[in-house]
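So the structure is just underneath, and the comments pick up after that.
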Amino acid sequence: MASRVVSECGLRPLPRIYPRPRTGMPSAAAATQLQFRALAGAPSMAVSGGRRGRGWELRVTAPLMVGFVDEEFRERERGAVNGVEEMKLGEGDGDGDGGFDPGAPPPFGLAAIRAAIPKHCWVKDPWRSMSYVARDVAVVFGLAAAAAFFNHWAVWPLYWFAQGTMFWALFVLGHDCGHGSFSNNQKLNSVVGHLLHSSILVPYHGWRISHRTHHQNHGHVENDESWHPLSEKIYRSLDTATRTLRFTLPFPMLAYPVYLWGRSPGKSGSHFDPNSDLFLPNERKDVITSTLCWSAMAALLVCLSFVMGPVQLLKLYAIPNLIFVLWLDLVTYLHHHGHDEKLPWYRGKEWSYLRGGLTTLDRDYGWINNIHHDIGTHVIHHLFPQIPHYHLVEATEAAKPVLGKYYREPKKSGPLPFHLIGNLIKSMKEDHFVSDTGDVVYYQKDSELHGSQKSE
């Protein structure tokens with residue numbers, strides 16, 4: 001299990017840094033008017049970890065501070081810079097703080113957030129975790145028995161939604177196993193994770209390893225693994241049909257099975273192939289084990305189709321599994337997209353584990369929060385995935401004073417999260433690609449994609 005050593009950054013609040021490309025230098029004239037100085041005495045932050053011989057390390061050194069800015073920047077009119085409108089110098093958000101730039105380095109470190117979270121939030125209780133498994137499995141079998149008993153057209157749609165949601169809840173518990181937040185016993189995590197994920201046709205280790213890559217590189221344009229943005233070059237290289245389907249609902253919400261087999265555009269490999277570049281050589285046995293478990297479940301479903309008939313299997317399992325895929329794609333997409341204001345993505349030296357994690361979003365799902373184990377409480381989960389799901393809400397409340405404006409309060413939901421459909425539609429219409437250059441970039445819109453007015 002990955003070990004992490006984190007030291008406090010000791011950063012002070014920075015003046016406004018505009019969301020503009022951070023590669024290259026200003027003009028010669030501007031350079032003469034820029035004064036930079038390092039924060040004195042600011043130590044570096046290191047995050048290190050590894051599993052099975054795989055190590056990774058992040059270092060964030062003290063950023064430079066800008067002494068004053070040249071008149072050229074003061075006089076610039078509004079313009080689009082890497083997908084976001086740039087404010088004129090001095091324009092704020094009404095708080096009197098000179099404005100807030102979500103792409104600026106935060107004035108706190110991981111250690112400050114961690115220190116704010118109560119110690120008991122880090123404690124994993126395997127009995128409590130298993131109680132959630134027992135509850136969810138009992139509900140799954142109860143729903144299936146009730147639907148088969150009534151077998152009425154008015155019952156089936158309700159069953160499909162409820163059972164698909166429960167499949168999604170099973171996935172979340174398996175997700176906790178993959179992070180090690182289910183318990184401190186790796187064997188227990190692996191056994192439970194395989195049983196839960198194989199039952200809904202997810203290859204446990206294949207998913208676990210790629211999901212680890214996602215967490216270790218969240219917010220990075222090229223290195224992130226899940227729902228990362230396409231660079232403009234890759235976006236333009238897609239054929240028209242692929243490009244249109246990728247941003248036309250409901251097709252993106254059915255992408256997960258395709259992703260398991262072939263990953264995202266611009267990346268190659270499969271979650272079922274032990275030789276994929278997703279995996280290290282010493283992880284191949286794990287991948288083979290999970291692929292065999294997935295195959296065993298697929299074979300069981302084939303046998304059941306002969307026992308109960310393919311139509312009954314379709315109603316009892318296949319359609320709920322499709323609803324589960326919709327839930328998974330909806331939730332994971334909206335944790336990284338669809339905010340009212342555009343959020344940054346990073347490259348190069350501008351990326352850090354902390355800055356990438358702070359671009360994630362919490363979401364409120366109303367009644368579904370408890371059913372899917374508070375997976376909508378996502379920011380703290382991304383920064384500290386070892387915290388059990390039943391402590392995430394408390395940990396988030398404790399961390400909010402430290403996070404400040406880097407935490408974006410989710411909009412309150414009614415009993416069902418219908419409000420998120422609007423966020424999803426808006427994002428699909430506007431968040432298409434990011435610039436090929438620049439270390440801090442924002443999503444841009446392809447005005448030609450849906451037959452709108454052509455962009456210049």
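Numbering starts fresh at 1 for the residues of each chain in the structure tokens, the chains themselves are lettered A, B, ... in the order given, and ligands are numbered from 1 as they appear.
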(request) Give me the residues within 8 Å of segment 290-307 of chain A as a ChimeraX atom specification, counting only C-alpha atoms and dropping any in the same chain fewer than 6 places off. (result) /A:194,198-199,201-206,272,313
(message) Going by DSSP on the backbone, which residues of segment 101-285 of chain A come out as alpha helix (DSSP H)? List them as an MDAnalysis selection string.
(response) chainID A and resid 110:116 126:150 156:179 186:199 204:216 232:237 240:246 256:262 284:285
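Counting only C-alpha atoms, the residue from A:Ser276, A:Asn321, A:Thr242, A:Asn185 that sits nearest to Ser210 of chain A is A:Ser276.
When atom CA of Asp439 of chain A is paired with atom CA of Gly103 of chain A, their separation reads 10.2 Å.
Among the candidates A:Glu232, A:Asp286, A:Asp364, A:Glu394, the one nearest to His120 of chain A when counting only C-alpha atoms is A:Glu394.
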(message) Residues near Ser268 of chain A, anyone? I mean within 10 Å using only C-alpha atoms, not counting same-chain ones fewer than 5 positions away, as a PyMOL selection string.
(response) chain A and resi 261-263+276-278
